[in-house]
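Text of the file protein_27.csv, holding CSV, C-alpha atoms:
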chain,number,residue,atom,x,y,z
A,239,MET,CA,-14.2,-56.5,0.5
A,240,ASN,CA,-15.6,-53.0,0.7
A,241,SER,CA,-18.5,-52.6,-1.6
A,242,VAL,CA,-17.8,-48.8,-2.0
A,243,SER,CA,-15.9,-48.1,-5.2
A,244,GLN,CA,-12.7,-46.1,-5.1
A,245,LEU,CA,-14.5,-43.1,-6.6
A,246,ASP,CA,-17.2,-43.0,-3.9
A,247,GLN,CA,-14.9,-43.1,-1.0
A,248,VAL,CA,-15.0,-39.9,1.0
A,249,LYS,CA,-11.8,-38.0,0.8
A,250,THR,CA,-10.5,-36.4,3.9
A,251,GLY,CA,-7.0,-35.1,3.2
A,252,PRO,CA,-6.4,-31.4,2.8
A,253,TRP,CA,-4.7,-31.7,-0.7
A,254,ASN,CA,-7.1,-34.1,-2.4
A,255,GLY,CA,-10.3,-32.2,-2.0
A,256,GLY,CA,-11.3,-33.5,1.4
A,257,ARG,CA,-11.1,-30.2,3.1
A,258,SER,CA,-9.8,-26.7,2.3
A,259,PRO,CA,-6.1,-26.8,2.8
A,260,TRP,CA,-5.9,-23.1,3.7
A,261,SER,CA,-9.4,-22.8,5.0
A,262,VAL,CA,-9.8,-19.6,3.1
A,263,GLU,CA,-12.8,-19.0,1.0
A,264,TYR,CA,-12.2,-19.2,-2.8
A,265,GLY,CA,-12.9,-15.5,-3.5
A,266,LYS,CA,-10.5,-14.4,-0.8
A,267,ILE,CA,-7.7,-16.6,-2.2
A,268,MET,CA,-8.3,-15.1,-5.6
A,269,MET,CA,-8.2,-11.6,-4.1
A,270,TRP,CA,-4.8,-12.4,-2.5
A,271,PHE,CA,-3.3,-13.6,-5.7
A,272,PHE,CA,-4.7,-10.6,-7.6
A,273,LEU,CA,-3.0,-8.4,-5.0
A,274,LEU,CA,0.2,-10.4,-5.4
A,275,SER,CA,0.2,-9.7,-9.2
A,276,ASP,CA,-0.6,-6.1,-8.5
A,277,ALA,CA,2.3,-5.9,-6.0
A,278,PHE,CA,4.5,-7.1,-8.8
A,279,THR,CA,3.3,-4.3,-11.1
A,280,PHE,CA,3.9,-1.6,-8.5
A,281,SER,CA,7.2,-3.2,-7.7
A,282,SER,CA,8.3,-3.0,-11.3
A,283,LEU,CA,7.3,0.7,-11.5
A,284,LEU,CA,9.2,1.5,-8.3
A,285,ILE,CA,12.2,-0.5,-9.3
A,286,TYR,CA,12.4,1.3,-12.6
A,287,TYR,CA,12.2,4.6,-10.7
A,288,GLY,CA,15.1,3.4,-8.5
A,289,ALA,CA,17.2,2.4,-11.5
A,290,GLN,CA,16.6,5.8,-13.0
A,291,ARG,CA,17.6,7.6,-9.9
A,292,PHE,CA,20.7,5.5,-9.5
A,293,SER,CA,21.7,6.2,-13.0
A,294,LYS,CA,21.5,10.0,-12.7
A,295,LEU,CA,24.2,12.2,-11.2
A,296,THR,CA,21.6,14.5,-9.6
A,297,TRP,CA,17.9,14.2,-8.9
A,298,PRO,CA,15.2,16.8,-7.8
A,299,ASP,CA,15.3,17.1,-4.0
A,300,PRO,CA,11.9,16.0,-2.7
A,301,ASP,CA,12.2,18.5,0.2
A,302,LEU,CA,12.5,21.3,-2.3
A,303,VAL,CA,9.9,20.0,-4.8
A,304,PHE,CA,7.2,19.1,-2.3
A,305,GLN,CA,7.0,21.9,0.3
A,306,SER,CA,3.6,23.5,-0.2
A,307,VAL,CA,0.5,23.0,1.8
A,308,PRO,CA,-2.4,24.0,-0.5
A,309,GLY,CA,-4.6,26.6,1.1
A,310,PHE,CA,-2.1,27.3,3.8
A,311,ALA,CA,1.4,28.1,2.5
A,312,ASN,CA,3.1,27.9,-0.9
A,313,SER,CA,6.5,26.9,0.4
A,314,GLY,CA,8.6,26.2,3.4
A,315,TYR,CA,6.7,23.2,4.7
A,316,PRO,CA,8.3,20.0,3.3
A,317,LEU,CA,6.5,16.8,4.0
A,318,VAL,CA,3.6,18.4,5.9
A,319,PHE,CA,1.0,17.9,3.2
A,320,VAL,CA,2.1,14.4,2.3
A,321,GLY,CA,2.1,13.6,6.0
A,322,ILE,CA,-1.5,14.6,6.2
A,323,MET,CA,-2.2,12.3,3.1
A,324,THR,CA,-0.4,9.4,4.7
A,325,PHE,CA,-2.3,9.8,7.9
A,326,ILE,CA,-5.6,10.0,6.1
A,327,LEU,CA,-4.8,6.7,4.4
A,328,ILE,CA,-3.7,5.0,7.6
A,329,ILE,CA,-6.9,6.1,9.4
A,330,SER,CA,-9.0,4.9,6.4
A,331,SER,CA,-7.3,1.5,6.8
A,332,VAL,CA,-8.2,1.4,10.5
A,333,THR,CA,-11.9,2.2,9.7
A,334,MET,CA,-11.8,-0.6,7.1
A,335,VAL,CA,-10.6,-3.2,9.6
A,336,MET,CA,-13.3,-1.9,12.0
A,337,ALA,CA,-15.9,-2.6,9.2
A,338,VAL,CA,-14.4,-6.1,8.8
A,339,GLU,CA,-14.5,-6.7,12.5
A,340,ALA,CA,-18.1,-5.5,12.7
A,341,GLY,CA,-18.9,-7.8,9.9
A,342,HIS,CA,-17.6,-10.8,11.9
A,343,ARG,CA,-20.2,-9.9,14.5
A,344,ARG,CA,-22.7,-9.4,11.7
A,345,SER,CA,-23.6,-6.0,13.1
A,346,LYS,CA,-25.1,-4.4,10.0
A,347,LYS,CA,-25.3,-0.9,11.5
A,348,GLU,CA,-21.6,-0.8,12.5
A,349,VAL,CA,-20.5,-2.1,9.1
A,350,ILE,CA,-22.4,0.7,7.4
A,351,ALA,CA,-20.9,3.4,9.7
A,352,TRP,CA,-17.3,2.2,9.3
A,353,LEU,CA,-17.7,1.8,5.5
A,354,VAL,CA,-19.1,5.4,5.3
A,355,ALA,CA,-16.0,6.6,7.2
A,356,THR,CA,-13.7,4.7,4.9
A,357,ILE,CA,-15.3,6.2,1.8
A,358,ILE,CA,-15.0,9.7,3.3
A,359,PHE,CA,-11.3,9.2,4.0
A,360,GLY,CA,-10.8,7.7,0.6
A,361,PHE,CA,-12.3,10.8,-1.1
A,362,MET,CA,-10.3,13.0,1.2
A,363,PHE,CA,-7.1,11.3,0.0
A,364,LEU,CA,-8.1,11.6,-3.6
A,365,GLY,CA,-8.8,15.3,-3.0
A,366,CYS,CA,-5.3,15.8,-1.5
A,367,GLN,CA,-3.8,13.9,-4.4
A,368,ALA,CA,-5.6,16.2,-6.9
A,369,LEU,CA,-4.3,19.3,-5.1
A,370,GLU,CA,-0.8,17.8,-5.1
A,371,TRP,CA,-1.0,17.1,-8.8
A,372,SER,CA,-2.3,20.6,-9.7
A,373,HIS,CA,0.4,22.2,-7.6
A,374,LEU,CA,3.1,20.3,-9.5
A,375,HIS,CA,1.4,21.0,-12.8
A,376,HIS,CA,1.4,24.7,-12.0
A,377,GLU,CA,5.1,24.5,-11.3
A,378,GLY,CA,5.5,23.2,-14.8
A,379,PHE,CA,5.8,19.5,-14.3
A,380,TRP,CA,3.7,17.1,-16.4
A,381,TRP,CA,4.2,14.0,-18.5
A,382,GLY,CA,6.9,15.1,-21.0
A,383,GLN,CA,7.0,18.6,-19.6
A,384,ILE,CA,9.3,20.3,-17.0
A,385,PRO,CA,9.9,23.9,-15.7
A,386,SER,CA,12.6,26.1,-17.2
A,387,THR,CA,16.2,25.5,-16.2
A,388,GLU,CA,16.1,28.8,-14.1
A,389,GLU,CA,13.2,27.5,-12.1
A,390,LEU,CA,14.7,24.0,-11.8
A,391,LYS,CA,17.7,25.5,-10.0
A,392,HIS,CA,15.6,25.9,-7.0
A,393,LEU,CA,14.5,22.3,-7.0
A,394,PHE,CA,17.9,20.6,-7.3
A,395,ASP,CA,20.4,20.3,-4.5
A,396,GLY,CA,23.4,20.1,-6.9
A,397,PRO,CA,23.7,20.8,-10.6
A,398,VAL,CA,20.5,20.7,-12.7
A,399,SER,CA,19.8,17.7,-14.9
A,400,LEU,CA,17.0,18.2,-17.4
A,401,VAL,CA,16.8,14.4,-18.1
A,402,ALA,CA,16.6,13.7,-14.4
A,403,ALA,CA,13.8,16.3,-13.9
A,404,GLN,CA,11.9,14.8,-16.8
A,405,GLN,CA,12.2,11.3,-15.5
A,406,PHE,CA,11.1,12.5,-12.1
A,407,ALA,CA,8.0,14.1,-13.6
A,408,ASN,CA,7.1,11.2,-15.7
A,409,LEU,CA,7.5,8.6,-13.0
A,410,PHE,CA,5.9,10.8,-10.3
A,411,PHE,CA,2.7,11.2,-12.3
A,412,THR,CA,2.7,7.6,-13.6
A,413,ILE,CA,3.2,6.0,-10.2
A,414,THR,CA,1.1,8.3,-8.1
A,415,GLY,CA,-1.5,8.2,-10.9
A,416,PHE,CA,-1.6,4.4,-11.0
A,417,HIS,CA,-1.9,4.4,-7.2
A,418,GLY,CA,-4.6,7.1,-7.3
A,419,PHE,CA,-6.5,5.0,-9.8
A,420,HIS,CA,-6.4,2.1,-7.3
A,421,VAL,CA,-7.6,4.4,-4.6
A,422,PHE,CA,-10.5,5.5,-6.8
A,423,SER,CA,-11.4,2.0,-7.7
A,424,GLY,CA,-11.3,1.1,-4.0
A,425,VAL,CA,-13.6,3.9,-3.1
A,426,MET,CA,-16.0,2.8,-5.9
A,427,ILE,CA,-15.9,-0.8,-4.7
A,428,ASN,CA,-16.5,0.4,-1.1
A,429,VAL,CA,-19.6,2.3,-2.3
A,430,ILE,CA,-20.9,-0.8,-4.0
A,431,ILE,CA,-20.5,-3.0,-0.9
A,432,LEU,CA,-22.0,-0.2,1.2
A,433,ILE,CA,-25.1,-0.3,-0.9
A,434,MET,CA,-25.1,-4.1,-0.7
A,435,THR,CA,-24.8,-3.9,3.1
A,436,ILE,CA,-27.7,-1.3,3.3
A,437,ASN,CA,-29.8,-3.6,1.1
A,438,GLY,CA,-29.1,-6.4,3.5
A,439,THR,CA,-27.4,-8.7,0.9
A,440,PHE,CA,-24.8,-9.9,3.3
A,441,GLU,CA,-27.2,-10.3,6.1
A,442,LYS,CA,-29.2,-12.7,3.9
A,443,ARG,CA,-26.0,-14.4,2.8
A,444,GLY,CA,-25.2,-15.0,6.5
A,445,HIS,CA,-21.7,-13.6,6.4
A,446,TYR,CA,-19.8,-10.5,5.5
A,447,LEU,CA,-16.9,-12.1,3.6
A,448,MET,CA,-17.2,-9.7,0.8
A,449,VAL,CA,-16.3,-6.9,3.2
A,450,GLU,CA,-13.2,-8.8,4.1
A,451,LYS,CA,-12.2,-9.2,0.5
A,452,VAL,CA,-12.7,-5.5,-0.3
A,453,GLY,CA,-10.8,-4.8,2.9
A,454,LEU,CA,-7.8,-6.7,1.6
A,455,TYR,CA,-7.8,-4.6,-1.5
A,456,TRP,CA,-8.1,-1.4,0.5
A,457,HIS,CA,-5.2,-2.3,2.8
A,458,PHE,CA,-3.1,-3.1,-0.2
A,459,VAL,CA,-3.7,0.4,-1.5
A,460,ASP,CA,-2.5,1.7,1.8
A,461,LEU,CA,0.5,-0.6,1.6
A,462,VAL,CA,1.5,0.7,-1.8
A,463,TRP,CA,1.2,4.2,-0.5
A,464,VAL,CA,3.7,3.4,2.3
A,465,PHE,CA,6.3,2.6,-0.4
A,466,VAL,CA,5.4,5.5,-2.7
A,467,PHE,CA,5.7,7.8,0.3
A,468,THR,CA,9.2,6.5,1.2
A,469,PHE,CA,10.7,6.5,-2.3
A,470,PHE,CA,9.2,9.7,-3.6
A,471,TYR,CA,9.1,11.9,-0.5
A,472,LEU,CA,11.7,10.6,2.0
A,473,VAL,CA,14.6,9.0,0.2
B,279,MET,CA,-22.0,-27.5,0.8
B,280,SER,CA,-22.1,-28.2,4.5
B,281,GLU,CA,-18.4,-28.8,4.4
B,282,HIS,CA,-17.9,-25.3,3.0
B,283,ALA,CA,-20.2,-23.7,5.5
B,284,HIS,CA,-18.2,-25.4,8.2
B,285,THR,CA,-14.9,-24.0,6.8
B,286,THR,CA,-16.3,-20.5,6.7
B,287,GLU,CA,-17.5,-20.8,10.2
B,288,GLU,CA,-14.2,-22.1,11.5
B,289,HIS,CA,-12.4,-19.3,9.7
B,290,GLY,CA,-14.7,-16.8,11.3
B,291,HIS,CA,-13.8,-18.2,14.6
B,292,ASP,CA,-10.1,-17.8,13.9
B,293,ASP,CA,-10.7,-14.2,13.0
B,294,HIS,CA,-12.2,-13.5,16.4
B,295,ALA,CA,-9.1,-15.0,18.0
B,296,GLY,CA,-6.8,-12.9,15.8
B,297,MET,CA,-8.0,-9.3,15.9
B,298,ASN,CA,-10.2,-7.2,18.2
B,299,LYS,CA,-10.8,-3.5,18.5
B,300,ALA,CA,-8.0,-3.0,21.1
B,301,LYS,CA,-5.5,-4.7,18.9
B,302,ILE,CA,-6.6,-2.8,15.8
B,303,TRP,CA,-6.0,0.5,17.6
B,304,LYS,CA,-2.7,-0.8,18.9
B,305,VAL,CA,-1.5,-1.6,15.3
B,306,ALA,CA,-2.8,1.8,14.1
B,307,GLY,CA,-0.8,3.5,16.9
B,308,ILE,CA,2.4,1.6,15.9
B,309,LEU,CA,1.9,2.6,12.2
B,310,SER,CA,1.4,6.3,13.2
B,311,LEU,CA,4.5,6.1,15.5
B,312,ILE,CA,6.7,4.7,12.8
B,313,THR,CA,5.5,7.5,10.4
B,314,ALA,CA,6.2,10.0,13.1
B,315,ILE,CA,9.8,8.6,13.5
B,316,GLU,CA,10.2,9.0,9.7
B,317,PHE,CA,9.2,12.6,10.0
B,318,ILE,CA,11.6,13.3,12.8
B,319,ILE,CA,14.4,11.8,10.7
B,320,ALA,CA,13.4,13.8,7.6
B,321,LEU,CA,12.7,17.2,9.3
B,322,TRP,CA,15.2,17.1,12.2
B,323,ALA,CA,17.9,14.4,12.1
B,324,ILE,CA,19.1,14.7,8.5
B,325,PRO,CA,18.8,18.6,8.1
B,326,GLY,CA,20.4,19.0,11.5
B,327,GLY,CA,23.4,16.8,10.5
B,328,HIS,CA,22.7,14.2,13.2
B,329,ILE,CA,22.4,11.4,10.6
B,330,PRO,CA,24.0,11.4,7.1
B,331,GLN,CA,21.5,11.1,4.2
B,332,HIS,CA,22.6,7.6,3.1
B,333,ILE,CA,22.2,6.1,6.6
B,334,GLY,CA,18.8,7.9,6.8
B,335,ASN,CA,17.8,6.2,3.6
B,336,TYR,CA,18.5,2.7,5.0
B,337,ILE,CA,16.5,3.6,8.2
B,338,TYR,CA,13.6,4.8,6.0
B,339,ILE,CA,13.6,1.5,4.0
B,340,ALA,CA,13.8,-0.6,7.2
B,341,LEU,CA,10.9,1.4,8.8
B,342,THR,CA,8.9,1.1,5.6
B,343,LEU,CA,9.3,-2.7,5.6
B,344,LEU,CA,8.3,-2.7,9.2
B,345,LYS,CA,5.1,-0.8,8.4
B,346,ALA,CA,4.4,-3.1,5.5
B,347,PHE,CA,4.8,-6.1,7.9
B,348,TYR,CA,2.2,-4.6,10.3
B,349,ILE,CA,-0.3,-3.8,7.5
B,350,VAL,CA,0.0,-7.2,5.9
B,351,ALA,CA,0.2,-9.3,9.1
B,352,TYR,CA,-2.5,-7.6,11.1
B,353,PHE,CA,-4.7,-5.5,8.9
B,354,MET,CA,-4.7,-8.0,6.0
B,355,HIS,CA,-4.7,-10.7,8.6
B,356,LEU,CA,-2.0,-12.8,7.0
B,357,LYS,CA,-0.4,-13.6,10.4
B,358,PHE,CA,-3.5,-15.7,11.3
B,359,GLU,CA,-3.7,-17.6,8.0
B,360,LYS,CA,-2.3,-21.1,7.4
B,361,LEU,CA,1.4,-21.4,6.7
B,362,GLY,CA,0.8,-22.6,3.1
B,363,LEU,CA,-0.9,-19.3,2.2
B,364,GLN,CA,1.6,-17.2,4.0
B,365,LEU,CA,4.5,-18.9,2.2
B,366,SER,CA,2.9,-18.7,-1.3
B,367,LEU,CA,2.3,-15.0,-0.9
B,368,THR,CA,5.7,-14.1,0.6
B,369,VAL,CA,8.3,-16.4,-1.0
B,370,SER,CA,7.2,-15.1,-4.4
B,371,PHE,CA,8.8,-11.8,-3.6
B,372,ILE,CA,12.2,-13.5,-4.1
B,373,PHE,CA,11.7,-12.5,-7.8
B,374,ILE,CA,11.2,-8.9,-6.8
B,375,ILE,CA,14.4,-8.9,-4.6
B,376,TYR,CA,16.3,-10.3,-7.6
B,377,PHE,CA,14.8,-7.7,-9.9
B,378,ILE,CA,15.7,-4.9,-7.4
B,379,VAL,CA,19.3,-6.1,-7.2
B,380,LEU,CA,19.5,-6.4,-11.0
B,381,MET,CA,18.1,-3.0,-11.9
B,382,LEU,CA,20.0,-1.1,-9.2
B,383,ILE,CA,23.3,-2.6,-10.4
B,384,GLU,CA,22.3,-1.6,-13.9
B,385,GLY,CA,21.5,1.9,-12.8
B,386,ASN,CA,24.8,2.2,-11.0
B,387,PHE,CA,26.6,1.1,-14.1
B,388,LEU,CA,24.9,3.8,-16.1
B,389,ASN,CA,25.8,6.3,-13.5
B,390,LEU,CA,29.5,5.4,-13.7
B,391,HIS,CA,29.2,5.5,-17.5
B,392,MET,CA,27.9,9.0,-17.3
B,393,LEU,CA,30.7,10.2,-15.1
B,394,ASN,CA,33.2,8.9,-17.6
B,395,HIS,CA,31.7,10.8,-20.5
Could you show the structure in this file as structure tokens?
Amino acid sequence: MNSVSQLDQVKTGPWNGGRSPWSVEYGKIMMWFFLLSDAFTFSSLLIYYGAQRFSKLTWPDPDLVFQSVPGFANSGYPLVFVGIMTFILIISSVTMVMAVEAGHRRSKKEVIAWLVATIIFGFMFLGCQALEWSHLHHEGFWWGQIPSTEELKHLFDGPVSLVAAQQFANLFFTITGFHGFHVFSGVMINVIILIMTINGTFEKRGHYLMVEKVGLYWHFVDLVWVFVFTFFYLV
Amino acid sequence: MSEHAHTTEEHGHDDHAGMNKAKIWKVAGILSLITAIEFIIALWAIPGGHIPQHIGNYIYIALTLLKAFYIVAYFMHLKFEKLGLQLSLTVSFIFIIYFIVLMLIEGNFLNLHMLNH
């Protein structure tokens, strides 16, 4: 008989601890499942928005509400400003994948450069978001606050609904606010890993997996924006 | 410990096989192109009467899901992960689909209710 006890036998199967079944590092799996739960939160918000919109007979027309380009024109350019914002976020996602890709090659200099670019685009997006918010706020929209009926007539395609306008305002600020908060957190985390990269923490560790994990988070923020963009600005 | 290091290394190798700079730019181009198509629909096709609004909405949603696929599959690298991880992260959305159907039916009912009053 084998003198090795059952407990001492080396396990080799993927699902009994022998080897990693997904061959993904622990922290990365946790990031994935955090993002899954976050996706559920954003889904709930957007689904509530959809249910509200379905229940109302009229709704503010996005082409009429969002038609200013701050610093350029006050009206007449629907989708232009949000188009710029969308493009900024897509580009920032690209620079983030570039940082991850440079991390695989353990090229510290390139990781630093791409992270700096990502942070700059992140701040640019937040700046645009702030301009968008202040523009809507000047028009009279806020949580629990809408413009006068006379002004709302210019923002509706059909008859004006005060309840619909209020729901639109509440949900717009809540959902873009929650998304903006995610972008802000993402930028802060990016700053932290930038400092860690400069300090050589990942170089000493021998891998840049942390950049990949933060990258996942950053792409998720971009992903959510794709949906917010569609359901608030296009549909 | 050595087992773990090996796993990471192996994973790193997979990554190299999955994405390179040319592919990243290609995906970025596709994402920009899809966004451009959405703009064309929003600024030309629907106002010009070439596509009715409700058809346009379906196209927007289809294009949005396509963009989501490209971001998750290539930028977030899910396409190159093991099937088990892919399934656990995607099949869960069956709850969301159910929730969407549920809430939109509810919203529709309230809409009809408002019409009748």
Q | region 309-316 of chain B surroundings by all atoms listed in the file, 7 Å radius, close-in-sequence under 4 positions cut, as a ChimeraX atom specification | A | /B:305,320,338,341,345
Per residue of chain B within 6 Å of chain A, what are the shortest atom pair and its distance in Å to one decimal, counting all atoms listed in the file, with rows by chain and residue number, as a Markdown table?
| residue | atom | partner | partner_atom | distance |
| --- | --- | --- | --- | --- |
| B:Thr285 | CA | A:Ser261 | CA | 5.9 |
| B:Asn335 | CA | A:Val473 | CA | 5.4 |
| B:Met354 | CA | A:Leu454 | CA | 5.5 |
| B:Lys360 | CA | A:Trp260 | CA | 5.5 |
| B:Ile378 | CA | A:Ile285 | CA | 5.9 |
| B:Met381 | CA | A:Ala289 | CA | 5.5 |
| B:Leu382 | CA | A:Ala289 | CA | 5.0 |
| B:Gly385 | CA | A:Ser293 | CA | 4.3 |
| B:Asn386 | CA | A:Ser293 | CA | 5.4 |
| B:Leu388 | CA | A:Ser293 | CA | 5.1 |
| B:Asn389 | CA | A:Ser293 | CA | 4.1 |
Q) What is the distance, in Å and to one decimal place, between CA of Leu400 (chain A) and CA of Thr387 (chain A)? A)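 Distance between the two atoms: 7.4 Å.
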Q.
Just to confirm, what's the straight-line distance from CA of Trp371 (chain A) to CA of Val425 (chain A) in Å (one decimal)?
A. 19.1 Å
(Q) What's the separation between CA of Thr279 (chain A) and CA of Phe371 (chain B), in Å to one decimal place? (A) 11.9 Å
I'd like the neighbourhood of region 372-379 of chain A as a PDB file with C-alpha atoms, in the frame of the given file, where a residue qualifies if any of its atoms comes within 8 Å (using only C-alpha atoms), though same-chain residues fewer than 6 positions away should be ignored.
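Heads up, here's the output in out-v2.pdb:
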ATOM      1  CA  PRO A 308      -2.400  24.000  -0.500  1.00  0.00           C
ATOM      2  CA  PRO A 385       9.900  23.900 -15.700  1.00  0.00           C
ATOM      3  CA  ALA A 407       8.000  14.100 -13.600  1.00  0.00           C
TER       4      ALA A 407
END
Shell of 8 Å around region 392-394 of chain A, all atoms listed in the file, local chain residues under 6 positions omitted, as a PDB file with C-alpha atoms, in the frame of the given file:
ATOM      1  CA  THR A 296      21.600  14.500  -9.600  1.00  0.00           C
ATOM      2  CA  TRP A 297      17.900  14.200  -8.900  1.00  0.00           C
ATOM      3  CA  PRO A 298      15.200  16.800  -7.800  1.00  0.00           C
ATOM      4  CA  ASP A 299      15.300  17.100  -4.000  1.00  0.00           C
ATOM      5  CA  LEU A 302      12.500  21.300  -2.300  1.00  0.00           C
ATOM      6  CA  VAL A 303       9.900  20.000  -4.800  1.00  0.00           C
TER       7      VAL A 303
END
Q) Which residue gives the smallest distance to Trp253 (chain A) among B:Leu390, B:Ile383, B:Gly362, B:Val350, with only C-alpha atoms counted? A) B:Gly362
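For the choices B:Leu367, B:Leu321, B:Ile308, B:Ala340, the atom-to-atom distance to Gly314 (chain A) is smallest for B:Leu321 when using all atoms listed in the file.
The smallest atom-to-atom distance between Phe361 (chain A) and any of A:Ile433, A:Ile413, A:Met426, A:Val320, using all atoms listed in the file, is found for A:Met426.
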**Q.** Shortest interatomic distance to Thr356 (chain A) - which of A:Val429, A:Leu283, A:Leu369, A:Val248, counting all atoms listed in the file
**A.**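 Of the candidates, the smallest distance to Thr356 (chain A) is held by A:Val429.
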